[in-house]
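**Student:** Below you'll find the structure I mean.
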Amino acid sequence: MSDAGRFAFPAVAESLSTARSTVRGVLTAHNYPSRELDINIAVGEILQNVVRYGFQGGDPAGEFIMEFTFEADRLRITITDNAPPSDPESWSADHRKPEEGGHGLTLVTAIASQVTFTMLENGNQAELEFVL
């Protein structure tokens with residue numbers, strides 16, 4: 001197992017680009033640049049939802065943290081935020097019209113080999129696993 005790092009970002013839209021660059025850098029440093037696009041799409045969807053919904057569009061006092069762990073042929077990215085806890089069972093796009101979106105989590109589960117969402121005492125956590 002190789003811990004590739006822990007990176008913290010303010011919970012604002014301007015941090016999303018920096019977070020994506022971090023994903024790109026970690027994958028390149030570990031010789032997996034060919035997976036960068038799809039992994040960045042999945043991580044980007046999670047981070048957009050964190051900022052948009054968890055922090056109501058952004059909160060400079062809020063924070064999200066990305067942790068990268070490599071194990072054999074797998075990468076685990078854990079994203080933790082300090083937004084108000086949100087029950088993953090209540091998330092649904094069923095009430096939206098298709099043009100309003102709401103399909104990001106479906107995309108995430110199609111890209112990642114495993115996705116787990118956990119409501120924490122002081123925030124939320126998403127764990128994404130990718131086969132490399």
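Each chain in the structure tokens gets a letter, A, B, ..., in the order shown, and its residues are numbered from 1; ligands are numbered from 1 in order too.
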Compile the contact shell of Glu127 in chain A as a list of chain:residue names: residues with an atom at most 8 Å away, counting only C-alpha atoms, same-chain residues fewer than 3 positions apart removed.

**Tutor:** A:Arg76, A:Ile77, A:Thr78, A:Ile79, A:Gln114, A:Val115, A:Thr116, A:Phe117

**Student:** Mind writing the picked residues with C-alpha atoms as an mmCIF file, in the first residue's frame?

**Tutor:**
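Heads up, here's the output in again18.cif:
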```
data_model
loop_
_atom_site.group_PDB
_atom_site.id
_atom_site.type_symbol
_atom_site.label_atom_id
_atom_site.label_comp_id
_atom_site.auth_asym_id
_atom_site.auth_seq_id
_atom_site.Cartn_x
_atom_site.Cartn_y
_atom_site.Cartn_z
ATOM 1 C CA ARG A 76 -8.597 4.762 -3.635
ATOM 2 C CA ILE A 77 -9.506 8.443 -3.454
ATOM 3 C CA THR A 78 -11.215 9.502 -0.250
ATOM 4 C CA ILE A 79 -12.938 12.890 -0.271
ATOM 5 C CA GLN A 114 -16.597 0.999 -6.130
ATOM 6 C CA VAL A 115 -18.193 4.095 -4.576
ATOM 7 C CA THR A 116 -19.168 4.543 -0.943
ATOM 8 C CA PHE A 117 -20.804 7.598 0.626
#
```

**Student:** Mind checking DSSP for range 49-123 of chain A and telling me the strand (DSSP E) residues as an MDAnalysis selection string?

**Tutor:** chainID A and resid 59:71 74:81 114:120 123

**Student:** Fewer than 3 positions away in the same chain doesn't count, so skip those; otherwise give me all residues within 12 Å of Ala126 in chain A, counting only C-alpha atoms, as an MDAnalysis selection string.

**Tutor:** chainID A and resid 42:43 45:47 49:50 64:67 76:81 86:88 105 108:109 112 114:120 123 129

**Student:** Go ahead and save the picked residues with N, CA and C atoms, as a CSV table (one decimal), in the first residue's frame.

**Tutor:**
```csv
chain,number,residue,atom,x,y,z
A,42,ALA,N,-14.9,11.6,-12.6
A,42,ALA,CA,-15.6,11.1,-11.5
A,42,ALA,C,-15.4,11.9,-10.2
A,43,VAL,N,-14.1,12.3,-10.0
A,43,VAL,CA,-13.8,13.1,-8.8
A,43,VAL,C,-14.4,14.5,-9.0
A,45,GLU,N,-17.1,15.4,-10.5
A,45,GLU,CA,-18.6,15.3,-10.2
A,45,GLU,C,-18.8,15.3,-8.7
A,46,ILE,N,-18.0,14.6,-7.9
A,46,ILE,CA,-18.2,14.6,-6.5
A,46,ILE,C,-17.8,16.0,-5.9
A,47,LEU,N,-16.7,16.6,-6.3
A,47,LEU,CA,-16.3,17.8,-5.8
A,47,LEU,C,-17.3,19.0,-6.2
A,49,ASN,N,-20.5,18.6,-6.5
A,49,ASN,CA,-21.7,18.4,-5.6
A,49,ASN,C,-21.3,18.8,-4.2
A,50,VAL,N,-20.1,18.6,-3.7
A,50,VAL,CA,-19.7,19.1,-2.4
A,50,VAL,C,-19.9,20.6,-2.3
A,64,PHE,N,-12.7,20.8,1.8
A,64,PHE,CA,-12.7,19.4,1.4
A,64,PHE,C,-11.3,18.9,1.3
A,65,ILE,N,-11.1,17.6,1.6
A,65,ILE,CA,-9.8,17.0,1.6
A,65,ILE,C,-9.8,15.8,0.7
A,66,MET,N,-8.8,15.6,-0.1
A,66,MET,CA,-8.7,14.5,-1.0
A,66,MET,C,-7.5,13.7,-0.5
A,67,GLU,N,-7.6,12.4,-0.3
A,67,GLU,CA,-6.6,11.5,0.1
A,67,GLU,C,-6.4,10.4,-0.9
A,76,ARG,N,-7.5,4.3,-4.4
A,76,ARG,CA,-8.6,4.8,-3.6
A,76,ARG,C,-8.4,6.3,-3.4
A,77,ILE,N,-9.5,7.0,-3.7
A,77,ILE,CA,-9.5,8.4,-3.5
A,77,ILE,C,-10.6,8.7,-2.4
A,78,THR,N,-10.3,9.2,-1.3
A,78,THR,CA,-11.2,9.5,-0.3
A,78,THR,C,-11.4,11.0,-0.2
A,79,ILE,N,-12.6,11.5,-0.3
A,79,ILE,CA,-12.9,12.9,-0.3
A,79,ILE,C,-13.8,13.1,1.0
A,80,THR,N,-13.3,14.0,1.9
A,80,THR,CA,-14.0,14.3,3.1
A,80,THR,C,-14.2,15.8,3.1
A,81,ASP,N,-15.4,16.1,3.6
A,81,ASP,CA,-15.7,17.6,3.7
A,81,ASP,C,-16.3,17.8,5.1
A,86,SER,N,-25.1,15.0,5.3
A,86,SER,CA,-26.1,14.7,4.4
A,86,SER,C,-26.3,13.2,4.2
A,87,ASP,N,-27.5,12.8,4.3
A,87,ASP,CA,-27.8,11.3,4.2
A,87,ASP,C,-27.8,10.9,2.7
A,88,PRO,N,-26.9,10.1,2.3
A,88,PRO,CA,-26.8,9.7,0.9
A,88,PRO,C,-28.1,9.1,0.4
A,105,LEU,N,-23.9,11.5,-10.2
A,105,LEU,CA,-23.5,10.3,-9.4
A,105,LEU,C,-23.7,9.0,-10.2
A,108,VAL,N,-20.4,8.8,-12.0
A,108,VAL,CA,-19.4,8.4,-11.0
A,108,VAL,C,-19.4,6.9,-10.8
A,109,THR,N,-20.5,6.3,-10.6
A,109,THR,CA,-20.6,4.9,-10.3
A,109,THR,C,-20.3,4.0,-11.6
A,112,ALA,N,-16.1,4.5,-11.6
A,112,ALA,CA,-15.3,3.9,-10.5
A,112,ALA,C,-15.8,2.5,-10.3
A,114,GLN,N,-15.8,1.0,-7.4
A,114,GLN,CA,-16.6,1.0,-6.1
A,114,GLN,C,-16.7,2.4,-5.6
A,115,VAL,N,-17.9,2.8,-5.1
A,115,VAL,CA,-18.2,4.1,-4.6
A,115,VAL,C,-19.0,3.9,-3.3
A,116,THR,N,-18.5,4.6,-2.2
A,116,THR,CA,-19.2,4.5,-0.9
A,116,THR,C,-19.3,6.0,-0.4
A,117,PHE,N,-20.5,6.3,0.0
A,117,PHE,CA,-20.8,7.6,0.6
A,117,PHE,C,-21.2,7.4,2.1
A,118,THR,N,-20.6,8.2,3.0
A,118,THR,CA,-20.8,8.0,4.4
A,118,THR,C,-21.1,9.4,5.0
A,119,MET,N,-22.1,9.4,5.8
A,119,MET,CA,-22.5,10.6,6.6
A,119,MET,C,-21.6,10.6,7.9
A,120,LEU,N,-20.9,11.6,8.1
A,120,LEU,CA,-20.0,11.7,9.3
A,120,LEU,C,-20.7,12.6,10.4
A,123,GLY,N,-19.6,16.1,8.9
A,123,GLY,CA,-19.3,16.2,7.5
A,123,GLY,C,-19.7,15.0,6.7
A,129,GLU,N,-13.0,4.0,-5.6
A,129,GLU,CA,-11.9,3.0,-5.9
A,129,GLU,C,-11.9,2.8,-7.4
```

**Student:** What's the separation between CA of Glu71 in chain A and CA of Phe9 in chain A, in Å to one decimal place?

**Tutor:**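 That distance, rounded to one decimal, is 24.5 Å.
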